[in-house]
Amino acid sequence: MGMVPGKLLLETGEFFFGQVPVDQQEPCFGEVVFNTGMVGYVESLTDPSYAGQILVFTYPLIGNYGVTDESTWESKKIHASGVVMSELAAHYSNHGAQKSLGDWLREQGIPYITGVDTRALTMRLRSKGVIPGAIVSDDAMPQRFENFAAKPWVSMVSVKEPITYGVGGKQIIVVDCGIKENILRCLLQYPVRLKRVPHDYDYSNEDFDGVFISNGPGDPKHCTTTIKVLKKVLAKKKPVFGICLGTQLMALAVGAETYKLPFGHRSHNQPCMDLSSQKCFLTSQNHSYAVDESTLPADWQVSFRNLNDQSVEGIAHKKLPFFAVQFHPEAAPGPCDTQWLFQKFYESL
Amino acid sequence: MRFSGKKVLILGSGGLRIGQAGEFDYSGSQAIKALKEEGIKTVLVNPNIATIQTDPQMADQVYLQPLNLEVVTSIIEKEQPDGILLGFGGQTALNLGLLLEEQGVLAKHQVEVLGTRIAAIRQTEDRDIFKHELDTIDVKSPKSYCATTVAAAQAAAEKIGYPVMMRSGFSLGGLGSGKIDTAQELKLRAQECFAAAPQILIEEYLFGWKEFEYEIIRDAAGNTLTICNMENMDPMGIHTGESIVVAPAQTLTNPEHQFLRNIALRVANHFGIAGECNIQFAVNPVNGDYRVIEVNARLSRSSALASKATGYPLAFVAAKLALGYLLYEVPNGVTQKTCAFFEPALDYLVVKIPRWDTQKLKSAGRTIGTEMKSVGEVMAIGRSFPEALQKAVGMLNIGASCLSDYPQQIPDAEDEIKYPTDRRLFALYQYFLKGGTVEQAFAWSQIDRWFLVRVAQIADMENTLKQGKLNPEALRSAKETGFSDRALGRLFKEPEDGIRKKRLAAGITPVVKQIDTLAGEFAAQTNYLYLTYHGHEHDLPPSEERPIIVLGSGPYAIGSSVEFDWCAVNTSRTLRRLGKTAILINSNPETVSTDYDESDRLYFEQLTLERVRDIADFEKSMGIVVSVGGQIANNLSLALAQSGYHLMGTAAKDIDRAENREKFSALLNELNVDQPAWQSLASLASAKDFAREIGYPVLIRPSYILSGAAMNVAYDDATLEEYLKQASLVSPEHPVVISKFILDAKELEIDGVASHGEILIEAINEHIENAGVHSGDATLVLPPQNLYLETIRRTKKITKKIASALNITGPFNIQFIAKNNKLQVIECNLRASRSFPFVSKVTTHNFIEIATKAMLGVPQGRNYNTLELDYVGVKAPQFSYQRLKGADPVAHVEMASTGEVACIGDNLLDAYWRAWLASEQTVRNKNILVSIGDHYKAKLLPYLRQLEALKWQIYSTDGTHSFLFKNGVASYFICKASENCEPNIQTVIAQRKVDLIINIPTNQKPTNQSDGYKIRRAAIDHHIPLITNPQKALIMLQCLIELCDVILPVRSWQEIVGVEAPTISTLQGVA
C-alpha cells in the first residue's frame, strides 16, 4: 500500500506528521487516547470501549505478530475509529497469525497513520488531557471536531436483542454496555447460564442469581436507563459484579458521583492494591472516568486503589454482595492476575 | 518481616571473566546504596579492585580478599555480620554462599541469609531437583534421561521421540554431543560414546525453538512481577550470553506473553523467591509449546540488561526486598511519584549484541554455541529494530559503524549462517546484499523470519541507496534505518563529515528521548536518554549549564574491562562534586556508569564520532573528557578536536604525539630518552632486512592499539611474514611497527597525573613477569619491591621530561623496560590506564579525582606518598581459558586476560599469594607437576628441594626428571603426551593426581601441537592451576613453602591502609 504524507490534527491546533495510505481520503475523527501496552493490539482494537476514539499505541512497533483469528478478538470488529502508530510492521511472524495488521485495518475500513512521533504526542496528551482529533491526508483543517462526550456510545455498541449462553445451574444477567468477549469466556468457565441483555433492557423482574454489569465506552452518565434498572435490582440484594464502566454505573446507581480523569488509564501495568488483603495486583485498564470517593454512601467502601495516583479502582458494599472493579480482571490484553474475581463472583451466587 | 540487623556482608564476584563480567559491579553497588540508605553497615568481600563497589565511599568495610571458604569464614568470624547477601555477586557468590551454609558457618555465627532462602536456591541449582519441582506444579521442562547401555538409550529416545539430542556424560568440549534422527544412528553413536564414557544423556531436541527470558521480582508477601521480557534472535542451541537479544519480546501475542508470564509468576511463587530471579523459556515456533530451561535465583547478566533496558533498578529493589520491604513500599526512582510495584512499559526497543574477542585468542575457534565465549556486550536503544540493531553494531568497536561497513568480507556466508560464528549477523547481511532470500536464511539458521526480514530490509536499503542519489529523502530514511554517516560516506564516496554537513543542512538530526519506565504516562524528571531518528521532538531542552561530557568505555573486551568504568564513574562523581554538569555516554549495560544516578545526564549511546558530535552539539557542551574511557574514547580525541570540540585536559595534538609512533620516537630522541630500535613497515622485504639487522626476536604491532591486538613476537622470517599479514588485517589505516624484542628485561610502568606538564602524582608499578608479557596480563606490584633506587630515580626523571614535553594535563601512563642499567621507554598513553583503580586504592589517593581537578584547572597539592608504604599491593590477571576451548594459556605480548584482581598484604609474598588465590585458584593437596625448560631449571631447584622437604610429591617429565634426579630431588617420572607410554602426563592430569602444574616453555614461541601445549590445555580443562611464567613460578614456589599451610589473617582495606570510611553524606549519586 502506497503511503502519502498525512497528519494527526488536534482540536488545539497542534499537529503531528506521519504517513497515511494513499487511498485514505476522508478525515477520521475521534477522541485521541494513548495505550502503553506493548502487546495486545488485536484485543484493544476490538474492545468496544474504544468506540469513537483514535487509539495511539506508545510502543513503536505495532503489528509484529499479525492478526490472530476471530476467536481471540474482543468483539466482532474493530471499534477504535482510527489508529496512530510509529511503525506498522510490514512483516509479521507468529504461528497463529492469519493476516497482517495493515490488511486487517484496511479490510475493516479503519483509518490509520504511521511514522508519528507517538512519544511526543503522548506527552502532549498527558499534559493537556485527551483531546478530540482527526487523521487527515491533506492540509485541510476540519471546521469542527466531534464532541466525543456528547455521544451515546453505549447504545451504539450494545447488543440489540438478548442472547443466551451456557447450560449451568446459576442464571446470570449480563448487561452489555459494550462487553468484551473475554468477560463472557471468563464467566462461562463456571457452570452458569448467561443472558446477555442490551444496555437499556429491564431485567429487574426476571429470575436470576446474579447480575454482571460490563465495561463500555463514553460517559457513564449517559446510561440513564441502565442506572435506573440497576437501582431496582440492587434492592433485591442479589450479587452484582461490575467491571470498568460497570463500576461507574454501580456508583451512580447508589448516588455517588463520577468524574473524567485528565487522560485516563490505558495500559497493562496499572498497579492496584486490594485494600482488604494489602496484596498488590498488576491490572489491565482502559477507562476515562472514575468514581469520586468522597461521594460514596456510608455503607460502601473503596476495595481497590491505584498505587500510581491513588484513584479508586474498586468499590464494594460493606455487607451486601455488590462489588465492582475499575480495571479488567478478564485482561485481554494484559495480565490475568485478578481473574480470581470471577471465582469470587461465582461463589457469591 | 523487616530485617532488623545492623550489619550485612555482601559477596562480590571477583575478577571479570567470560560469563561473569562487570554486571555484578552494577548489582553489588546498587545493593550497597540500598543498604546504606537504611543505615545498615555493609561489609563487602571482593578482590576486584577495579570496581566501583570497592571504592571507599561505598561499603563500610571492603575486603580485597579471595572469595573462598577459608577467607570468608575468617571475615565472618571477625565481622560478625547479622545478614548476608548472596545474590549480587553472580555464580561465584551464590556457590560460595551455599558452601558457607553447608559447612555450618552461617548457622554458627547466626548470619541470616537475606532474600531467597538457601533451600530454594538449592532447588533451582540442582538440575534433577529443579525438574522435579517444576513437575509438581505442572510446568514443563525438557525431557531428559540418563542411559548406561545402548538399549536404555534407545528406550529413552523412544519415550521422547526422534530427533533427540545425545550428550556424552563427562566429556569436554561437547565431544559426542549431537542430534540423532533415527534409532539406527543412535545405536551407532551411543556405542562410540560408551567406549569413552560410562553414561550418556538422551534429551529432547530443542534446537531451533525460540528462546525467551523473563526477569521476575517478588517480595516476601508474594507480590510478583515480571519486569522485562526478552527474545533471543538466535534460537535454542546458542547460549543466551552468545545471542543477539531484543527487549521487549517481538513475536509473542498477548495470550502467549501472558501464558509465559503466568508460568514465570507461578515458578517464582513456588520457589518462594524473595528478590530477583530470571526464567528462560524455549518456545516451539510451530505450535507455541514451551519448556522451562532454567531459573537463576539471583541477579544475573540478563537482569543487568533488563535493568538498563527498562530503567527499573532491579538490583536496588531486590536489595530492598531482601531486607523485607514490599514492592509497593519502594519508590520508583525514575518517576519519583510512583512505586516499584509495576511492570515497565517501553516505548522503544533495545538490542543487545555480545562482544567476542575470539580473534585474539589464537586457537579458540570462532564458532559459537551452547557455551559462552563472549567477553562483553553492548545495548542499543532505538524506535525501530533496524535502527537499534545498527546502532548496536556501531557500539561493538570491531571496525564497523553499522552493518554496511563491516571490514571483513565473509567468504562463505552460508557456512557461517548454518554453523554460527561470532560474525553470523554480518554473514546474513552480506548474504542478503547479494540477493539471498529470507526463506533460505531461515532454513539454514532457524532464526525467526521477523528478524531475518528486517536484516534483509537493511540490505535492500543499501542496494537501493547505491542506485540512486543521496537526496534528503533518501538520507532521512537511511538514518531511520540506522546507517551511519561514515557508512553512507563510503557508499557515496564522500568523507564522513561531508555526509554530516549535508544532513545538518537538510535538518536531519536525531531527537533526544527519555527512558521513563512508563512510556510517557507519567511526567518523569528522568535523565536517562537516547537518540533516535524516529521522532520529531526532543523530550527535553539541553542542560541548563553547559555540561562536560565524559566518554565511557564501551563494551568489555580483552583490554577494556571494568577499570575504565571505574574511571568514568569517578570522573563524573568528581565533576558533580565540583558543581559541574556531567554527562556520561556509554553503550555497555554491564556497568555502573550507565546507572542514571551516576551523572546529571546519561546518554546510553554509541561512542562514535558521529554520535558524540550529535550529543555535544545538542548539549552545547563545554568540553569532552576523552582520557578516562580507555582506547575507544581516546581514539576519538583527534577527530573531535579537528571538528572543533574542546577536549578537557591534554591537547589533541599532544595526544597524537604520544600515540603516533614516529612522532613519539622523534620526541624521545629529542629528550634524549632511550627506546628499543624500531621501524615502521614499508614492505615485507624491508621488514625482513630490519629484523635481521636488529636481530630476532622482533615485536610486531600496529599503532593505535589497546590490549595488543595483532601484536606478536616473530622469531624468524617465516613467522614475521605470517604475523605481518595479520597485523595489516586488524588495522589497515595505521602502519605496522617492528621493534626489537628484548629478552630477560624487567618491565615497569608509571601511572600519573599532570597539570600543564607538571607532575601532580605518580606511582611506579613493577611487573613480576619479565618484559614480553602484555602489561594487561602481567602481575603488578606497588610499591616496587625489587627495583634499584637508581632505576626509580631515573624513571621519575624521564617521566618528568615526557610530561613536560607533551604538556600533559590529566592522566597518563608510561611503560619502561629495564635491563643492565639501561632504561627504555616502550609506550606512553595520555589517558587513564587499566591500573588507575589499583594505584588509587593502594596509595589511597584517587588518581582520577586528581586528574579531573587538573582538567578543570582546580589548584591542588602535589605531595603524595606512593612509594614508602607499609604494605604491598599485587594486581593479578584473571584468565578465562576454561571457556575458550583450544586456546593456549600462555601469557605473551598479546593480551588474553579478561579481568583482574588485587590484594594488599604485609609483604610481596603475602600479597601475591592472596591475589593468586583471589583469581579463583587454589592448591588442594601437596602434589606438584613440573616441566621446566633448561634455562630455568637451576633457578627453581632450591625451592623444589624445599618443597620435597615439606613432603610435597613432585611429578616431572623427562628432562626435568633427570635434572632433579641428578641434583638429589626425588620425583615421579611421567611420560610426555607425545610419548605413547604410561604413566602419561595426560592421564595424571585427567585423574587429578596433581594440584598445581608448573610448565615453563623452552622459548616464548607457542605452537599448538607441542607437548607443552597439551599439558597446558589439559591443566585448564581439568581445572588444575597452571603457572607458565618463570618469574611467577619462582614467587609461587616461595608462597607454597611459606604460606600454603598458613591460615591467612584478614584485614579490610580500610584497616590496612588506615583510612576511615567516609560518612554517608559524602556519598555521591545515591538515588
# chains A, B, ... in the order shown; residues from 1 in each chain; ligands from 1
$ residues_around --residues "Ala557 in chain B" --least-positions-apart "6" --cutoff "9 Å" --atoms "only C-alpha atoms" --output "NGL selection string"
:B and (355-357 or 374-377 or 898)
$ select_by_dssp --residues "range 135-304 of chain A" --states "alpha helix (DSSP H)" --output "NGL selection string"
:A and (153-157 or 181-187 or 224-234 or 245-253)
$ write_last_selection --atoms "N, CA and C atoms" --output "CSV table (one decimal), in the first residue's frame"
chain,number,residue,atom,x,y,z
A,153,TRP,N,-22.4,6.5,23.2
A,153,TRP,CA,-21.6,5.4,22.6
A,153,TRP,C,-22.1,4.0,23.0
A,154,VAL,N,-22.6,3.9,24.3
A,154,VAL,CA,-23.0,2.6,24.7
A,154,VAL,C,-24.1,2.0,23.8
A,155,SER,N,-25.1,2.9,23.5
A,155,SER,CA,-26.2,2.4,22.7
A,155,SER,C,-25.7,1.9,21.3
A,156,MET,N,-24.6,2.5,20.9
A,156,MET,CA,-24.1,2.1,19.6
A,156,MET,C,-23.3,0.8,19.6
A,157,VAL,N,-22.9,0.3,20.8
A,157,VAL,CA,-22.1,-0.9,20.8
A,157,VAL,C,-22.8,-2.1,21.5
A,181,GLU,N,-15.5,-9.8,24.8
A,181,GLU,CA,-15.8,-11.3,24.7
A,181,GLU,C,-15.1,-12.1,25.8
A,182,ASN,N,-13.9,-11.6,26.3
A,182,ASN,CA,-13.2,-12.4,27.2
A,182,ASN,C,-13.9,-12.4,28.6
A,183,ILE,N,-14.8,-11.4,28.8
A,183,ILE,CA,-15.5,-11.5,30.1
A,183,ILE,C,-16.5,-12.6,30.0
A,184,LEU,N,-17.1,-12.8,28.8
A,184,LEU,CA,-18.1,-13.9,28.7
A,184,LEU,C,-17.3,-15.2,28.8
A,185,ARG,N,-16.1,-15.3,28.2
A,185,ARG,CA,-15.3,-16.5,28.3
A,185,ARG,C,-15.0,-16.8,29.8
A,186,CYS,N,-14.6,-15.8,30.5
A,186,CYS,CA,-14.3,-16.0,31.9
A,186,CYS,C,-15.5,-16.5,32.7
A,187,LEU,N,-16.6,-15.9,32.5
A,187,LEU,CA,-17.8,-16.3,33.2
A,187,LEU,C,-18.3,-17.7,32.9
A,224,THR,N,-28.6,6.4,31.4
A,224,THR,CA,-29.7,6.7,32.4
A,224,THR,C,-30.6,5.4,32.6
A,225,THR,N,-30.9,4.7,31.6
A,225,THR,CA,-31.8,3.6,31.7
A,225,THR,C,-31.1,2.5,32.5
A,226,THR,N,-29.9,2.2,32.1
A,226,THR,CA,-29.1,1.2,32.8
A,226,THR,C,-29.1,1.4,34.3
A,227,ILE,N,-28.8,2.7,34.6
A,227,ILE,CA,-28.7,3.0,36.0
A,227,ILE,C,-30.1,2.9,36.7
A,228,LYS,N,-31.1,3.2,36.0
A,228,LYS,CA,-32.5,3.1,36.6
A,228,LYS,C,-32.8,1.7,36.9
A,229,VAL,N,-32.5,0.8,36.0
A,229,VAL,CA,-32.8,-0.6,36.2
A,229,VAL,C,-31.9,-1.2,37.3
A,230,LEU,N,-30.7,-0.8,37.3
A,230,LEU,CA,-29.7,-1.3,38.3
A,230,LEU,C,-30.2,-0.9,39.7
A,231,LYS,N,-30.7,0.3,39.9
A,231,LYS,CA,-31.2,0.7,41.2
A,231,LYS,C,-32.2,-0.2,41.7
A,232,LYS,N,-33.2,-0.6,40.8
A,232,LYS,CA,-34.2,-1.6,41.2
A,232,LYS,C,-33.6,-2.9,41.6
A,233,VAL,N,-32.6,-3.3,40.8
A,233,VAL,CA,-32.0,-4.6,41.1
A,233,VAL,C,-31.3,-4.7,42.4
A,234,LEU,N,-30.6,-3.6,42.7
A,234,LEU,CA,-29.8,-3.6,43.9
A,234,LEU,C,-30.7,-3.8,45.1
A,245,LEU,N,-16.8,0.4,33.2
A,245,LEU,CA,-18.0,1.2,33.2
A,245,LEU,C,-19.0,0.7,34.2
A,246,GLY,N,-19.0,-0.6,34.4
A,246,GLY,CA,-19.9,-1.2,35.3
A,246,GLY,C,-19.7,-0.7,36.7
A,247,THR,N,-18.5,-0.3,37.1
A,247,THR,CA,-18.2,0.3,38.4
A,247,THR,C,-18.8,1.6,38.5
A,248,GLN,N,-18.6,2.4,37.4
A,248,GLN,CA,-19.1,3.8,37.4
A,248,GLN,C,-20.7,3.7,37.5
A,249,LEU,N,-21.3,2.8,36.8
A,249,LEU,CA,-22.7,2.7,36.8
A,249,LEU,C,-23.2,2.3,38.2
A,250,MET,N,-22.5,1.4,38.8
A,250,MET,CA,-22.9,1.0,40.1
A,250,MET,C,-22.8,2.2,41.1
A,251,ALA,N,-21.8,2.9,41.0
A,251,ALA,CA,-21.6,4.1,41.8
A,251,ALA,C,-22.7,5.1,41.6
A,252,LEU,N,-23.0,5.4,40.4
A,252,LEU,CA,-24.1,6.3,40.1
A,252,LEU,C,-25.4,5.8,40.6
A,253,ALA,N,-25.6,4.5,40.5
A,253,ALA,CA,-26.9,3.9,41.0
A,253,ALA,C,-27.1,4.0,42.5
$ interface_residues --of "chain A" --to "chain B" --cutoff "7 Å" --atoms "only C-alpha atoms" --output "NGL selection string"
:A and (36-40 or 58-61 or 64-65 or 91-95 or 117 or 119-120 or 122-123 or 126 or 269-271 or 279-280 or 282 or 308 or 333 or 335)
$ write_last_selection --atoms "N, CA and C atoms" --output "CSV table (one decimal), in the first residue's frame"
chain,number,residue,atom,x,y,z
A,36,THR,N,-0.4,2.2,26.6
A,36,THR,CA,1.1,1.9,26.7
A,36,THR,C,1.4,0.4,26.7
A,37,GLY,N,0.4,-0.4,26.4
A,37,GLY,CA,0.7,-1.8,26.3
A,37,GLY,C,1.7,-2.1,25.2
A,38,MET,N,2.5,-3.1,25.4
A,38,MET,CA,3.5,-3.5,24.4
A,38,MET,C,3.0,-4.6,23.5
A,39,VAL,N,2.0,-5.3,23.9
A,39,VAL,CA,1.3,-6.3,23.1
A,39,VAL,C,-0.2,-6.1,23.2
A,40,GLY,N,-1.0,-6.8,22.4
A,40,GLY,CA,-2.4,-6.8,22.6
A,40,GLY,C,-3.2,-5.9,21.7
A,58,THR,N,1.7,3.6,22.2
A,58,THR,CA,3.0,4.2,22.5
A,58,THR,C,4.2,3.3,22.1
A,59,TYR,N,3.9,1.9,22.1
A,59,TYR,CA,5.0,1.0,21.7
A,59,TYR,C,5.2,1.3,20.2
A,60,PRO,N,6.5,1.5,19.8
A,60,PRO,CA,6.7,1.9,18.4
A,60,PRO,C,6.4,0.9,17.3
A,61,LEU,N,6.5,-0.4,17.6
A,61,LEU,CA,6.3,-1.4,16.5
A,61,LEU,C,5.0,-2.1,16.7
A,64,ASN,N,3.7,-6.7,14.8
A,64,ASN,CA,4.7,-7.7,14.7
A,64,ASN,C,4.3,-9.1,14.6
A,65,TYR,N,3.2,-9.5,15.3
A,65,TYR,CA,2.8,-10.9,15.2
A,65,TYR,C,1.5,-11.0,14.4
A,91,HIS,N,6.1,-6.7,8.0
A,91,HIS,CA,6.1,-8.2,8.0
A,91,HIS,C,5.8,-8.7,9.4
A,92,TYR,N,5.0,-9.7,9.5
A,92,TYR,CA,4.7,-10.2,10.9
A,92,TYR,C,5.2,-11.7,11.0
A,93,SER,N,5.3,-12.1,12.2
A,93,SER,CA,5.7,-13.5,12.4
A,93,SER,C,5.1,-14.1,13.6
A,94,ASN,N,4.2,-15.1,13.4
A,94,ASN,CA,3.7,-15.8,14.5
A,94,ASN,C,2.9,-17.0,13.9
A,95,HIS,N,3.0,-18.2,14.6
A,95,HIS,CA,2.3,-19.4,14.0
A,95,HIS,C,0.8,-19.2,14.0
A,117,ASP,N,5.6,10.6,15.7
A,117,ASP,CA,6.3,10.7,16.9
A,117,ASP,C,5.4,10.5,18.1
A,119,ARG,N,5.7,9.3,21.0
A,119,ARG,CA,6.0,9.8,22.3
A,119,ARG,C,5.8,11.2,22.5
A,120,ALA,N,6.1,12.0,21.5
A,120,ALA,CA,5.8,13.5,21.7
A,120,ALA,C,4.3,13.7,21.8
A,122,THR,N,2.1,11.5,23.0
A,122,THR,CA,1.7,11.1,24.3
A,122,THR,C,1.9,12.1,25.4
A,123,MET,N,3.1,12.7,25.3
A,123,MET,CA,3.4,13.7,26.3
A,123,MET,C,2.5,14.9,26.2
A,126,ARG,N,-0.7,13.8,27.7
A,126,ARG,CA,-0.6,13.6,29.2
A,126,ARG,C,-0.7,15.0,29.8
A,269,ASN,N,-0.2,-2.1,32.9
A,269,ASN,CA,0.7,-2.2,34.0
A,269,ASN,C,0.3,-1.3,35.1
A,270,GLN,N,-1.1,-1.2,35.3
A,270,GLN,CA,-1.6,-0.3,36.4
A,270,GLN,C,-1.5,-1.1,37.7
A,271,PRO,N,-0.8,-0.6,38.7
A,271,PRO,CA,-0.7,-1.3,40.0
A,271,PRO,C,-1.8,-0.9,40.9
A,279,LYS,N,-2.7,-6.9,49.3
A,279,LYS,CA,-2.0,-7.5,48.2
A,279,LYS,C,-2.0,-6.7,47.0
A,280,CYS,N,-0.9,-6.7,46.2
A,280,CYS,CA,-0.9,-5.8,45.1
A,280,CYS,C,-1.1,-6.7,43.8
A,282,LEU,N,-1.1,-6.4,39.4
A,282,LEU,CA,-0.9,-5.6,38.2
A,282,LEU,C,-2.2,-5.8,37.3
A,308,ASN,N,-0.5,4.2,41.7
A,308,ASN,CA,0.2,5.3,41.0
A,308,ASN,C,-0.4,6.7,41.4
A,333,PRO,N,-6.3,-7.3,26.4
A,333,PRO,CA,-4.9,-7.7,26.7
A,333,PRO,C,-4.5,-7.3,28.1
A,335,PRO,N,-2.2,-8.4,32.0
A,335,PRO,CA,-2.0,-9.5,32.9
A,335,PRO,C,-3.3,-10.1,33.5
$ select_by_dssp --residues "range 122-333 of chain A" --states "strand (DSSP E or B)" --output "MDAnalysis selection string"
chainID A and resid 131:136 163:165 170:175 192:197 210:213 240:243 257:274 279:292 300:306 312:317 322:325
